[in-house]
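Visitor: If you scroll down you'll find the structure; I have some questions about it.
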Amino acid sequence: MQSSTDAQVREMVHQRRRRRRTLLVSLAAVVTVLGAALIGAGLVRATDTEPGEAPEEVPAGVAADRAGLVTSEGPVRVDLYLDYLCPECRITEKALAPELEKMRERGEVRVVHHPVAFLDDRSAPAGYSTRAASAAACAADQDTFELYTAALFDEQPPEQGPGLDTDRLVALGRDVGITGASFERCVRDGTYRPWVTYVSDVAASRGVALTPTVKVDGKRVEVSGPDRAEAFVRAVEESLS
């Protein structure tokens, strides 16, 4: 009888251990999936970051608060927070670009770009997001920020790699029509890296925790999924009405 009881107790212990192992494996799987989702987007390094003073050197077309670049004027404000290493940002930029162009031609939107560097630690060595955003700011001095942005996303490197090297960042400028030596100096010197850090810190302090983030007149628009462009257009039309 005692032997039977001991066997039952042992079996209960084994069952509990199996359930515990199953739970731990399930939790690990959830964490892995969530981590992959955040890597696919762009995760801010700290949502409570307090920005310091804006650097003295800022690109042409900077907004009054120095935390973004204004590329068009109109009654509806559109804020775009994008990281050049973020795959979802590439998809969103490609989806919204044609609609934004139409809106600009009609004089409907004031577009403010915020090139942030939330994914600096997703490249090896770290820092590609900052390097790319700084180069894009150099392109803003040549009035080609949006063309250069599109080129950066066309050649977006994979995460965990080195990213585009400096020579390629310079060459992309030539590809979009930038001539002269000032752009190359700006890229190689990393002139606007402090500004990119400032833009990223201001975005974090305003509660922007993921990229892409798109706001229309201060309200966040859901830009995931196949209907992201339609959702964006609806939001702008509602603000215009």
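Each chain of the structure tokens is named A, B, ... in the order shown, its residues numbered from 1; ligands are numbered from 1 in display order.
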Show which residues sit within 8 Å of Tyr198 of chain A, as an NGL selection string. Count only C-alpha atoms, and ignore same-chain residues fewer than 2 positions away.

Guide: :A and (51-55 or 67 or 194-196 or 200-202)

Visitor: Export N, CA and C atoms of the chosen residues as a compact mmCIF listing (two decimals), in the first residue's frame?

Guide:
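See selection-v4.txt below for the written result:
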# COMPACT_ATOMS: atom_id res chain seq x y z
N PRO A 51 15.17 65.79 -23.47
CA PRO A 51 16.13 66.33 -24.45
C PRO A 51 16.93 67.47 -23.86
N GLY A 52 18.17 67.58 -24.30
CA GLY A 52 18.98 68.71 -23.90
C GLY A 52 18.74 69.88 -24.85
N GLU A 53 19.67 70.79 -24.88
CA GLU A 53 19.56 71.93 -25.78
C GLU A 53 19.78 71.48 -27.22
N ALA A 54 19.06 72.12 -28.13
CA ALA A 54 19.25 71.81 -29.54
C ALA A 54 20.66 72.23 -29.97
N PRO A 55 21.31 71.41 -30.79
CA PRO A 55 22.66 71.79 -31.25
C PRO A 55 22.61 73.03 -32.13
N ALA A 67 13.16 70.21 -33.98
CA ALA A 67 13.02 68.77 -33.78
C ALA A 67 12.44 68.07 -34.99
N PRO A 194 24.70 65.09 -33.87
CA PRO A 194 24.12 65.63 -32.63
C PRO A 194 22.66 66.05 -32.82
N TRP A 195 22.34 66.56 -33.99
CA TRP A 195 20.95 66.96 -34.25
C TRP A 195 20.04 65.74 -34.27
N VAL A 196 20.48 64.65 -34.86
CA VAL A 196 19.68 63.42 -34.89
C VAL A 196 19.41 62.93 -33.47
N SER A 200 15.71 62.56 -31.77
CA SER A 200 15.30 61.30 -31.16
C SER A 200 14.87 61.52 -29.71
N ASP A 201 15.63 62.33 -28.98
CA ASP A 201 15.29 62.59 -27.58
C ASP A 201 13.99 63.37 -27.44
N VAL A 202 13.76 64.34 -28.32
CA VAL A 202 12.52 65.09 -28.28
C VAL A 202 11.34 64.17 -28.59

Visitor: Name the residues of segment 51-216 of chain A that fall into helix (DSSP H, G or I) according to DSSP on the backbone, using the chain letters and numbers of this document, as a PyMOL selection string.

Guide: chain A and resi 87-105+120-122+128-140+145-154+166-175+182-189+193-205

Visitor: Between A:Ala126, A:Arg234, A:Cys89, A:Val112, which residue has the minimum interatomic distance to Val221 of chain A, considering only C-alpha atoms?

Guide: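 Ranking A:Ala126, A:Arg234, A:Cys89, A:Val112 by distance to Val221 of chain A, first place goes to A:Arg234.
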
Visitor: Give me the residues within 10 Å of Pro226 of chain A as a list in words, counting only C-alpha atoms and dropping any in the same chain fewer than 5 places off.

Guide: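 The filter keeps Ile91, Thr92, Ala95 and Ala231 of chain A.
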
Visitor: Could you save those same residues with C-alpha atoms as a PDB file, in the first residue's frame?

Guide:
ATOM      1  CA  ILE A  91       6.926  49.957 -46.126  1.00  0.00           C
ATOM      2  CA  THR A  92       5.074  52.946 -44.676  1.00  0.00           C
ATOM      3  CA  ALA A  95       2.855  53.500 -49.159  1.00  0.00           C
ATOM      4  CA  ALA A 231      -6.264  55.192 -43.136  1.00  0.00           C
TER       5      ALA A 231
END

Visitor: Go through A:Ala137, A:Cys86, A:Gly127, A:Val76 and flag the residue nearest Arg104 of chain A, using only C-alpha atoms for the distances.

Guide: A:Val76

Visitor: So what do you get for atom CA of Gly190 of chain A versus atom CA of Tyr128 of chain A, distance-wise?

Guide: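 Answer for the atom CA of Gly190 of chain A to atom CA of Tyr128 of chain A separation: 11.6 Å.
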
Visitor: Go through A:Gln160, A:Glu222, A:Glu108, A:Gly61 one by one, measure the shortest atom-to-atom distance of each to Leu240 of chain A using only C-alpha atoms, and give the residue with the smallest value.

Guide: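 Among the listed residues, A:Glu108 lies closest to Leu240 of chain A.
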
Visitor: Sort by chain and increasing residue number a table of all residues of segment 209-231 of chain A within 12 Å of segment 77-85 of chain A, each with its closest pair of atoms and their distance in Å to one decimal, counting only C-alpha atoms, and write it as JSON lines.

Guide:
{"residue": "A:Ala209", "atom": "CA", "partner": "A:Tyr81", "partner_atom": "CA", "distance": 10.0}
{"residue": "A:Leu210", "atom": "CA", "partner": "A:Tyr81", "partner_atom": "CA", "distance": 8.5}
{"residue": "A:Thr211", "atom": "CA", "partner": "A:Leu82", "partner_atom": "CA", "distance": 5.5}
{"residue": "A:Pro212", "atom": "CA", "partner": "A:Leu82", "partner_atom": "CA", "distance": 5.1}
{"residue": "A:Thr213", "atom": "CA", "partner": "A:Tyr81", "partner_atom": "CA", "distance": 5.1}
{"residue": "A:Val214", "atom": "CA", "partner": "A:Leu80", "partner_atom": "CA", "distance": 4.9}
{"residue": "A:Lys215", "atom": "CA", "partner": "A:Asp79", "partner_atom": "CA", "distance": 5.1}
{"residue": "A:Val216", "atom": "CA", "partner": "A:Val78", "partner_atom": "CA", "distance": 4.7}
{"residue": "A:Asp217", "atom": "CA", "partner": "A:Arg77", "partner_atom": "CA", "distance": 4.9}
{"residue": "A:Gly218", "atom": "CA", "partner": "A:Arg77", "partner_atom": "CA", "distance": 7.6}
{"residue": "A:Lys219", "atom": "CA", "partner": "A:Val78", "partner_atom": "CA", "distance": 9.3}
{"residue": "A:Arg220", "atom": "CA", "partner": "A:Asp79", "partner_atom": "CA", "distance": 9.1}
{"residue": "A:Val221", "atom": "CA", "partner": "A:Val78", "partner_atom": "CA", "distance": 10.1}
{"residue": "A:Val223", "atom": "CA", "partner": "A:Leu80", "partner_atom": "CA", "distance": 10.9}

Visitor: Let's have the selection written as a compact mmCIF listing (two decimals), in the first residue's frame, with N, CA, C and O atoms.

Guide:
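Just written: selection.txt:
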# COMPACT_ATOMS: atom_id res chain seq x y z
N ALA A 209 7.08 56.06 -28.98
CA ALA A 209 7.80 54.88 -28.49
C ALA A 209 8.17 53.90 -29.58
O ALA A 209 9.00 53.04 -29.37
N LEU A 210 7.56 54.00 -30.75
CA LEU A 210 7.83 53.07 -31.84
C LEU A 210 7.87 53.81 -33.16
O LEU A 210 7.25 54.86 -33.32
N THR A 211 8.62 53.26 -34.08
CA THR A 211 8.55 53.73 -35.46
C THR A 211 8.02 52.59 -36.33
O THR A 211 8.30 51.42 -36.03
N PRO A 212 7.26 52.90 -37.37
CA PRO A 212 6.86 54.25 -37.76
C PRO A 212 5.74 54.79 -36.87
O PRO A 212 4.88 54.04 -36.43
N THR A 213 5.79 56.08 -36.62
CA THR A 213 4.68 56.78 -36.00
C THR A 213 4.26 57.91 -36.93
O THR A 213 5.11 58.70 -37.36
N VAL A 214 2.98 57.97 -37.23
CA VAL A 214 2.43 59.01 -38.10
C VAL A 214 1.33 59.73 -37.33
O VAL A 214 0.43 59.08 -36.78
N LYS A 215 1.42 61.03 -37.28
CA LYS A 215 0.40 61.83 -36.61
C LYS A 215 -0.20 62.83 -37.59
O LYS A 215 0.52 63.44 -38.39
N VAL A 216 -1.50 63.01 -37.51
CA VAL A 216 -2.22 64.00 -38.30
C VAL A 216 -2.87 64.97 -37.33
O VAL A 216 -3.72 64.57 -36.53
N ASP A 217 -2.42 66.22 -37.37
CA ASP A 217 -2.88 67.24 -36.42
C ASP A 217 -2.78 66.73 -34.99
O ASP A 217 -3.69 66.90 -34.17
N GLY A 218 -1.67 66.08 -34.69
CA GLY A 218 -1.38 65.64 -33.33
C GLY A 218 -1.97 64.30 -32.94
O GLY A 218 -1.67 63.80 -31.86
N LYS A 219 -2.82 63.72 -33.78
CA LYS A 219 -3.44 62.43 -33.46
C LYS A 219 -2.75 61.30 -34.21
O LYS A 219 -2.57 61.39 -35.44
N ARG A 220 -2.40 60.26 -33.49
CA ARG A 220 -1.70 59.15 -34.11
C ARG A 220 -2.62 58.38 -35.04
O ARG A 220 -3.78 58.12 -34.72
N VAL A 221 -2.10 58.04 -36.21
CA VAL A 221 -2.84 57.27 -37.21
C VAL A 221 -2.24 55.87 -37.27
O VAL A 221 -1.01 55.72 -37.35
N VAL A 223 -0.87 52.93 -38.94
CA VAL A 223 -0.31 52.76 -40.29
C VAL A 223 0.28 51.37 -40.46
O VAL A 223 1.29 51.20 -41.14

Visitor: Quick check, in Å to one decimal: how far apart do atom CA of Asp120 of chain A and atom CA of Phe153 of chain A lie?

Guide: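 The value is 15.9 Å.
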
Visitor: I need the residue nearest Ser123 of chain A from this list: A:Ala135, A:Val109, A:Leu164, A:Leu152. Use only C-alpha atoms for the distance.

Guide: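 Nearest candidate to Ser123 of chain A out of A:Ala135, A:Val109, A:Leu164, A:Leu152: A:Leu164.
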
Visitor: Could you state the separation of atom CA of Asp167 of chain A and atom CA of Arg188 of chain A in Å, given to one decimal place?

Guide: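 Between atom CA of Asp167 of chain A and atom CA of Arg188 of chain A the gap is 8.5 Å.
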
Visitor: Pick out the residues sitting within 10 Å of Arg185 of chain A, and hand them over as a compact mmCIF listing (two decimals) with N, CA, C and O atoms, in the first residue's frame; count only C-alpha atoms, and ignore anything fewer than 5 positions along from it in its own chain.

Guide:
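Saved result, selection_25.txt, follows:
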# COMPACT_ATOMS: atom_id res chain seq x y z
N CYS A 138 21.99 66.09 -44.20
CA CYS A 138 22.91 66.75 -45.14
C CYS A 138 22.22 66.96 -46.49
O CYS A 138 22.41 67.99 -47.14
N VAL A 170 27.44 58.59 -49.43
CA VAL A 170 27.83 59.70 -50.30
C VAL A 170 27.36 59.45 -51.73
O VAL A 170 26.82 60.35 -52.39
N GLY A 180 28.63 68.75 -56.08
CA GLY A 180 29.41 69.61 -55.20
C GLY A 180 29.97 68.84 -54.02
O GLY A 180 29.52 67.73 -53.69
N GLY A 190 29.92 63.73 -40.32
CA GLY A 190 28.83 63.46 -39.39
C GLY A 190 28.27 64.73 -38.77
O GLY A 190 27.92 64.77 -37.58
N THR A 191 28.16 65.76 -39.59
CA THR A 191 27.81 67.10 -39.10
C THR A 191 26.53 67.11 -38.27
O THR A 191 26.45 67.79 -37.24
